[in-house]
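Structure first, then comments.
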Amino acid sequence: MGFPASGRRVLVSGASRGLGRAVAEAFAAHGDRVAVHYSSREEEARRTYESLAGTGHVRIGQDLADPAGAARLVEAAADALGGIDVLVNNAAVNTPHPLPETSYEGWVAAWDRHVSVNLLATAHLSHLAARRMIDQGNGGRIINIGSRGAFRGEPDHPAYGATKAAVHALGQSLAVSLAPYGIAVASVAPGFFATERVAARLEGPEGEAIRAQSPFGRVAEPAEIAAAVLWLASPAAEWSSGTVLDLNGASYLRT
């Protein structure tokens with residue numbers, strides 16, 4: 001069997017709000033069935049679930065900082081959906097910890113949390129989902145949500161920038177490893193986009209400065225990022241496996 005264009009079984013981590021919600025909605029509108037993962041925001045995950053077009057979706061709560069939680073998530077999603085064809089690694093933490101202003105204890109705690117969720121959970125979910133895709137025998141897609149910060153630096157959020165750079169590298173390694181099984185792996189590297197979490201930062205002079213980073217004079221909408229994720233998960237995008245796709249409105253250019 002070839003990799004299907006729709007009707008797929010999709011697991012989106014961190015889908016209670018923001019970009020995760022937009023990604024879940026994009027897949028559901030495309031005719032796919034979605035497992036909506038959340039960690040602690042059960043009510044927001046319910047709203048995501050209720051917003052999805054179509055039927056056959058499920059919402060699952062697990063703490064991905066715990067490797068056993070990652071295993072339970074994939075098992076529950078596969079049981080509910082009848083398998084997994086697409087994994088979107090979106091779950092992440094991003095709390096400020098600028099070195100000059102952060103105690104050593106706070107620094108260690110920030111790095112432990114960022115590595116556990118942003119990097120290790122991505123690695124663990126990728127292993128678990130890919131093993132199922134291999135056994136299913138019809139290929140698959142793994143899409144990682146990285147960040148522009150992996151390239152331009154994150155002075156107030158260094159662990160976030162570093163773990164997102166590692167996520168990009170992980171995706172490229174897995175792209176080579178999993179290609180013989182018809183599984184394509186890619187990452188997107190968004191710049192600033194509007195969500196509930198950053199709404200306050202987009203007000204006043206800071207918001208003006210953030211919007212001025214792009215020559216378009218604005219930030220992205222989550223749906224714009226979700227559209228790229230949906231394409232990378234399509235049969236047509238197989239040859240893009242290994243890519244890190246910049247989605248930053250020309251706010252940071254690299255060669």
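Lettering and numbering for the structure tokens are positional, with chains as A, B, ... in the shown order, residues counted from 1 in each chain, and ligands counted from 1 in the shown order.
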
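For A:Val115, the residues within 10 Å (counting only C-alpha atoms, excluding itself and residues fewer than 2 positions away along the chain) are Ala65, Ala92, Val93, Ala110, Trp111, Asp112, Arg113, Val117, Asn118, Leu119, Leu120, Ala121, Thr122, Ala159, Tyr160, Ala162, Thr163, Lys164 and Ala166 of chain A.
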
Include all heavy atoms and write out the residues we just selected as a compact mmCIF listing (two decimals), in the first residue's frame.
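Written file, part_19.txt:
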```txt
# COMPACT_ATOMS: atom_id res chain seq x y z
N ALA A 65 7.25 14.43 29.90
CA ALA A 65 8.55 14.45 30.57
C ALA A 65 8.91 13.08 31.13
O ALA A 65 10.08 12.81 31.42
CB ALA A 65 8.55 15.49 31.70
N ALA A 92 6.08 21.30 23.69
CA ALA A 92 7.33 21.95 24.08
C ALA A 92 7.09 22.86 25.27
O ALA A 92 5.96 23.31 25.51
CB ALA A 92 7.92 22.76 22.92
N VAL A 93 8.16 23.12 26.00
CA VAL A 93 8.15 24.16 27.04
C VAL A 93 9.09 25.27 26.60
O VAL A 93 10.05 25.04 25.86
CB VAL A 93 8.57 23.60 28.41
CG1 VAL A 93 7.57 22.56 28.90
CG2 VAL A 93 9.96 23.00 28.37
N ALA A 110 15.65 24.58 34.61
CA ALA A 110 15.16 24.97 33.28
C ALA A 110 15.70 24.03 32.21
O ALA A 110 14.95 23.59 31.32
CB ALA A 110 15.55 26.41 32.97
N TRP A 111 16.99 23.74 32.27
CA TRP A 111 17.57 22.84 31.27
C TRP A 111 16.99 21.44 31.37
O TRP A 111 16.70 20.80 30.35
CB TRP A 111 19.09 22.83 31.40
CG TRP A 111 19.72 23.97 30.67
CD1 TRP A 111 19.96 25.22 31.15
CD2 TRP A 111 20.15 23.98 29.30
NE1 TRP A 111 20.53 26.00 30.18
CE2 TRP A 111 20.66 25.27 29.04
CE3 TRP A 111 20.17 23.02 28.30
CZ2 TRP A 111 21.17 25.63 27.79
CZ3 TRP A 111 20.68 23.38 27.05
CH2 TRP A 111 21.17 24.66 26.80
N ASP A 112 16.81 20.94 32.58
CA ASP A 112 16.24 19.60 32.74
C ASP A 112 14.85 19.52 32.12
O ASP A 112 14.53 18.56 31.41
CB ASP A 112 16.15 19.23 34.22
CG ASP A 112 17.49 18.83 34.81
OD1 ASP A 112 18.45 18.60 34.04
OD2 ASP A 112 17.59 18.74 36.05
N ARG A 113 14.03 20.53 32.37
CA ARG A 113 12.66 20.52 31.85
C ARG A 113 12.64 20.65 30.34
O ARG A 113 11.91 19.91 29.65
CB ARG A 113 11.87 21.66 32.49
CG ARG A 113 10.40 21.73 32.08
CD ARG A 113 9.63 20.53 32.54
NE ARG A 113 8.21 20.64 32.21
CZ ARG A 113 7.35 19.64 32.28
NH1 ARG A 113 7.75 18.47 32.70
NH2 ARG A 113 6.07 19.83 31.95
N VAL A 117 11.25 17.56 27.79
CA VAL A 117 10.04 17.70 26.98
C VAL A 117 10.37 17.97 25.52
O VAL A 117 9.86 17.30 24.61
CB VAL A 117 9.13 18.80 27.55
CG1 VAL A 117 7.90 19.00 26.65
CG2 VAL A 117 8.70 18.45 28.97
N ASN A 118 11.21 18.97 25.27
CA ASN A 118 11.44 19.40 23.88
C ASN A 118 12.23 18.40 23.07
O ASN A 118 11.94 18.18 21.89
CB ASN A 118 12.17 20.74 23.87
CG ASN A 118 11.39 21.86 24.52
OD1 ASN A 118 10.34 21.62 25.12
ND2 ASN A 118 11.90 23.07 24.43
N LEU A 119 13.24 17.79 23.68
CA LEU A 119 14.11 16.88 22.94
C LEU A 119 13.80 15.42 23.21
O LEU A 119 13.51 14.65 22.29
CB LEU A 119 15.58 17.18 23.27
CG LEU A 119 16.60 16.24 22.62
CD1 LEU A 119 16.46 16.22 21.10
CD2 LEU A 119 18.02 16.63 23.04
N LEU A 120 13.87 15.00 24.47
CA LEU A 120 13.73 13.57 24.75
C LEU A 120 12.33 13.06 24.44
O LEU A 120 12.18 11.96 23.88
CB LEU A 120 14.10 13.28 26.21
CG LEU A 120 15.56 13.51 26.57
CD1 LEU A 120 15.80 13.14 28.04
CD2 LEU A 120 16.49 12.71 25.67
N ALA A 121 11.31 13.83 24.75
CA ALA A 121 9.95 13.38 24.42
C ALA A 121 9.78 13.27 22.91
O ALA A 121 9.13 12.33 22.42
CB ALA A 121 8.92 14.33 25.01
N THR A 122 10.36 14.20 22.16
CA THR A 122 10.32 14.11 20.70
C THR A 122 11.01 12.84 20.22
O THR A 122 10.49 12.13 19.34
CB THR A 122 10.99 15.34 20.07
OG1 THR A 122 10.21 16.50 20.40
CG2 THR A 122 11.10 15.23 18.56
N ALA A 159 17.96 27.32 26.59
CA ALA A 159 17.66 25.89 26.52
C ALA A 159 16.63 25.60 25.44
O ALA A 159 16.68 24.54 24.79
CB ALA A 159 17.16 25.37 27.87
N TYR A 160 15.72 26.53 25.23
CA TYR A 160 14.74 26.37 24.15
C TYR A 160 15.45 26.36 22.80
O TYR A 160 15.22 25.46 21.97
CB TYR A 160 13.71 27.49 24.21
CG TYR A 160 12.65 27.39 23.14
CD1 TYR A 160 11.57 26.53 23.28
CD2 TYR A 160 12.72 28.17 21.98
CE1 TYR A 160 10.59 26.43 22.30
CE2 TYR A 160 11.75 28.09 21.00
CZ TYR A 160 10.68 27.22 21.17
OH TYR A 160 9.73 27.12 20.19
N ALA A 162 18.56 25.71 22.10
CA ALA A 162 19.45 24.56 21.97
C ALA A 162 18.67 23.27 21.72
O ALA A 162 19.06 22.45 20.88
CB ALA A 162 20.31 24.41 23.22
N THR A 163 17.56 23.09 22.44
CA THR A 163 16.80 21.86 22.23
C THR A 163 16.11 21.86 20.87
O THR A 163 15.98 20.79 20.25
CB THR A 163 15.76 21.66 23.34
OG1 THR A 163 14.96 22.85 23.50
CG2 THR A 163 16.44 21.33 24.67
N LYS A 164 15.70 23.01 20.38
CA LYS A 164 15.10 23.04 19.05
C LYS A 164 16.15 22.75 17.97
O LYS A 164 15.84 22.10 16.96
CB LYS A 164 14.42 24.39 18.82
CG LYS A 164 13.14 24.56 19.61
CD LYS A 164 12.11 23.49 19.30
CE LYS A 164 10.79 23.73 19.98
NZ LYS A 164 9.76 22.72 19.63
N ALA A 166 18.62 20.76 18.42
CA ALA A 166 18.77 19.30 18.52
C ALA A 166 17.61 18.58 17.86
O ALA A 166 17.81 17.51 17.24
CB ALA A 166 18.88 18.90 19.99
```

For stretch 37-49 of chain A, list every protein, DNA or RNA residue within 6 Å, evaluated using only C-alpha atoms, and leave out those in the same chain fewer than 5 positions away; present the list as an MDAnalysis selection string. chainID A and resid 13:16 21 59:63

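Using only C-alpha atoms, the protein and nucleic acid residues lying no more than 9 Å from A:Ser126, apart from those fewer than 6 places from it along its own chain, are Leu87, Asn89, Ile142 and Leu174 of chain A.
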
Could you please take those selected residues and save N, CA, C and O atoms as an mmCIF file, in the first residue's frame?
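Contents of selection-v2.cif, as written:
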```cif
data_model
loop_
_atom_site.group_PDB
_atom_site.id
_atom_site.type_symbol
_atom_site.label_atom_id
_atom_site.label_comp_id
_atom_site.auth_asym_id
_atom_site.auth_seq_id
_atom_site.Cartn_x
_atom_site.Cartn_y
_atom_site.Cartn_z
ATOM 1 N N LEU A 87 2.904 11.472 12.845
ATOM 2 C CA LEU A 87 3.208 12.027 14.162
ATOM 3 C C LEU A 87 3.669 13.460 13.984
ATOM 4 O O LEU A 87 4.578 13.725 13.190
ATOM 5 N N ASN A 89 5.330 16.241 16.284
ATOM 6 C CA ASN A 89 5.968 16.524 17.575
ATOM 7 C C ASN A 89 5.911 18.021 17.835
ATOM 8 O O ASN A 89 6.804 18.773 17.443
ATOM 9 N N ILE A 142 6.720 11.868 9.991
ATOM 10 C CA ILE A 142 7.010 12.478 11.274
ATOM 11 C C ILE A 142 7.401 13.926 11.008
ATOM 12 O O ILE A 142 8.343 14.183 10.247
ATOM 13 N N LEU A 174 16.856 10.814 11.617
ATOM 14 C CA LEU A 174 15.766 9.851 11.429
ATOM 15 C C LEU A 174 15.313 9.811 9.972
ATOM 16 O O LEU A 174 14.848 8.764 9.500
#
```

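Take the candidates A:Leu64, A:Leu253, A:Ala129, A:Ile225 and check each one against A:Arg141 using only C-alpha atoms; the shortest distance goes to A:Ala129.
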
DSSP strand (DSSP E) residues within stretch 119-234 of chain A, as a list of chain:residue names: A:Gly140, A:Arg141, A:Ile142, A:Ile143, A:Asn144, A:Ile145, A:Ile183, A:Ala184, A:Val185, A:Ala186, A:Ser187, A:Val188, A:Ala189, A:Pro190

Which neighbours of A:Pro98 fall inside 10 Å, counting only C-alpha atoms, when residues of the same chain fewer than 2 positions from it are skipped, and could you give them as a list in words? Thr95, Pro96, Pro100, Glu101, Thr102, Ser103, Trp107, Glu154, Pro155, Asp156, His157, Pro158 and Ala159 of chain A

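Those residues that approach stretch 200-210 of chain A to within 12 Å, counting only C-alpha atoms, are Gly191, Phe192, Phe193, Ala194, Phe216, Gly217, Arg218, Val219, Ala220, Asn248, Gly249 and Ser251 of chain A; same-chain residues fewer than 6 positions away are not listed.
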
Please provide as a short mmCIF file (atom, residue, chain, number, x, y, z; two decimals) with all heavy atoms, in the first residue's frame all residues within 10 Å of A:His57, with the sequence filter that same-chain residues fewer than 6 positions apart are discarded (counting only C-alpha atoms).
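The file below, around.cif, is the result:
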```
data_model
loop_
_atom_site.label_atom_id
_atom_site.label_comp_id
_atom_site.auth_asym_id
_atom_site.auth_seq_id
_atom_site.Cartn_x
_atom_site.Cartn_y
_atom_site.Cartn_z
N ARG A 9 -4.29 8.40 10.27
CA ARG A 9 -4.35 8.40 11.74
C ARG A 9 -3.20 9.26 12.25
O ARG A 9 -2.04 8.91 12.06
CB ARG A 9 -4.27 6.95 12.22
CG ARG A 9 -5.41 6.11 11.66
CD ARG A 9 -5.12 4.64 11.61
NE ARG A 9 -3.99 4.31 10.74
CZ ARG A 9 -3.61 3.05 10.49
NH1 ARG A 9 -4.25 2.03 11.02
NH2 ARG A 9 -2.57 2.83 9.70
N VAL A 10 -3.54 10.37 12.88
CA VAL A 10 -2.57 11.43 13.18
C VAL A 10 -2.50 11.67 14.68
O VAL A 10 -3.53 11.90 15.33
CB VAL A 10 -2.96 12.75 12.46
CG1 VAL A 10 -1.92 13.82 12.73
CG2 VAL A 10 -3.14 12.51 10.97
N LEU A 11 -1.30 11.66 15.22
CA LEU A 11 -1.07 12.01 16.62
C LEU A 11 -0.37 13.37 16.67
O LEU A 11 0.71 13.53 16.08
CB LEU A 11 -0.21 10.95 17.30
CG LEU A 11 0.33 11.29 18.70
CD1 LEU A 11 -0.79 11.63 19.67
CD2 LEU A 11 1.19 10.14 19.23
N ALA A 24 -4.02 20.27 14.56
CA ALA A 24 -5.08 19.26 14.68
C ALA A 24 -6.27 19.63 13.81
O ALA A 24 -6.84 18.76 13.12
CB ALA A 24 -5.50 19.13 16.14
N ALA A 28 -7.84 17.45 10.63
CA ALA A 28 -9.24 17.03 10.69
C ALA A 28 -10.03 17.56 9.50
O ALA A 28 -10.83 16.84 8.90
CB ALA A 28 -9.86 17.50 12.00
N ASP A 32 -8.63 13.60 8.02
CA ASP A 32 -7.85 12.68 8.85
C ASP A 32 -8.49 12.58 10.24
O ASP A 32 -9.25 13.46 10.66
CB ASP A 32 -6.41 13.17 8.97
CG ASP A 32 -5.72 13.26 7.62
OD1 ASP A 32 -5.79 12.29 6.86
OD2 ASP A 32 -5.15 14.33 7.33
N ARG A 33 -8.14 11.52 10.96
CA ARG A 33 -8.57 11.37 12.35
C ARG A 33 -7.40 11.69 13.26
O ARG A 33 -6.27 11.27 13.00
CB ARG A 33 -9.07 9.94 12.60
CG ARG A 33 -10.40 9.66 11.90
CD ARG A 33 -10.92 8.27 12.24
NE ARG A 33 -10.05 7.24 11.69
CZ ARG A 33 -9.60 6.19 12.38
NH1 ARG A 33 -9.92 6.04 13.65
NH2 ARG A 33 -8.84 5.30 11.80
N VAL A 34 -7.68 12.42 14.33
CA VAL A 34 -6.61 13.04 15.12
C VAL A 34 -6.70 12.62 16.58
O VAL A 34 -7.77 12.65 17.19
CB VAL A 34 -6.68 14.57 15.03
CG1 VAL A 34 -5.55 15.22 15.81
CG2 VAL A 34 -6.65 15.03 13.57
N ALA A 35 -5.54 12.26 17.14
CA ALA A 35 -5.39 12.09 18.58
C ALA A 35 -4.82 13.39 19.13
O ALA A 35 -3.70 13.79 18.79
CB ALA A 35 -4.46 10.93 18.90
N VAL A 36 -5.59 14.07 19.96
CA VAL A 36 -5.23 15.35 20.55
C VAL A 36 -4.56 15.08 21.89
O VAL A 36 -5.21 14.66 22.84
CB VAL A 36 -6.49 16.23 20.74
CG1 VAL A 36 -6.14 17.51 21.49
CG2 VAL A 36 -7.13 16.54 19.40
N TYR A 49 -10.64 19.41 20.77
CA TYR A 49 -11.35 18.21 20.32
C TYR A 49 -12.71 18.56 19.72
O TYR A 49 -13.08 18.07 18.65
CB TYR A 49 -11.49 17.26 21.50
CG TYR A 49 -12.34 16.04 21.24
CD1 TYR A 49 -11.82 14.92 20.59
CD2 TYR A 49 -13.67 16.01 21.68
CE1 TYR A 49 -12.62 13.81 20.37
CE2 TYR A 49 -14.46 14.90 21.45
CZ TYR A 49 -13.93 13.80 20.80
OH TYR A 49 -14.72 12.69 20.58
N GLU A 50 -13.44 19.43 20.40
CA GLU A 50 -14.78 19.79 19.93
C GLU A 50 -14.75 20.65 18.68
O GLU A 50 -15.76 20.74 17.97
CB GLU A 50 -15.55 20.49 21.05
CG GLU A 50 -15.87 19.57 22.22
CD GLU A 50 -16.55 20.28 23.38
OE1 GLU A 50 -16.57 21.54 23.36
OE2 GLU A 50 -17.04 19.59 24.29
N ALA A 77 -3.17 6.25 21.59
CA ALA A 77 -3.53 6.82 20.29
C ALA A 77 -3.68 5.73 19.25
O ALA A 77 -4.64 5.73 18.46
CB ALA A 77 -2.47 7.82 19.87
N ALA A 80 -6.91 3.78 19.84
CA ALA A 80 -8.12 4.53 19.52
C ALA A 80 -8.29 4.74 18.02
O ALA A 80 -9.41 4.70 17.49
CB ALA A 80 -8.10 5.89 20.23
N LEU A 81 -7.18 4.96 17.32
CA LEU A 81 -7.24 5.27 15.89
C LEU A 81 -7.05 4.04 15.01
O LEU A 81 -7.26 4.11 13.79
CB LEU A 81 -6.18 6.32 15.53
CG LEU A 81 -6.26 7.66 16.26
CD1 LEU A 81 -5.10 8.56 15.84
CD2 LEU A 81 -7.59 8.35 16.01
#
```

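Nearest residue to A:Gly182, choosing from A:Trp239, A:Phe151, A:Tyr252, A:Tyr104 and counting only C-alpha atoms: A:Trp239.
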
With only C-alpha atoms as the counted atoms, please give the residues lying no more than 9 Å from A:Arg132, apart from itself and same-chain residues fewer than 2 positions off, as a list in words. Ala78, Gly83, Ile84, Asp85, His127, Leu128, Ala129, Ala130, Ile134, Asp135, Gln136 and Gly137 of chain A

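If you look at atom CA of A:Ala223 and atom CA of A:Pro190, they are 11.8 Å away from each other.
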
Which of stretch 14-253 of chain A end up as helix (DSSP H, G or I) when DSSP is run on this backbone - answer as number ranges by chain? A: 18-29, 42-51, 67-81, 99-101, 104-136, 149-152, 158-181, 196-202, 204-212, 222-232, 235-240

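Nearest to A:Ser240 of all the residues A:Asn94, A:Ser177, A:Ser214, A:Gln172 is A:Gln172, based on only C-alpha atoms.
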
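Compared by their closest atoms to A:Glu238, and using only C-alpha atoms, the residues A:His114, A:Val198, A:Ala250, A:Leu178 rank with A:Leu178 nearest.
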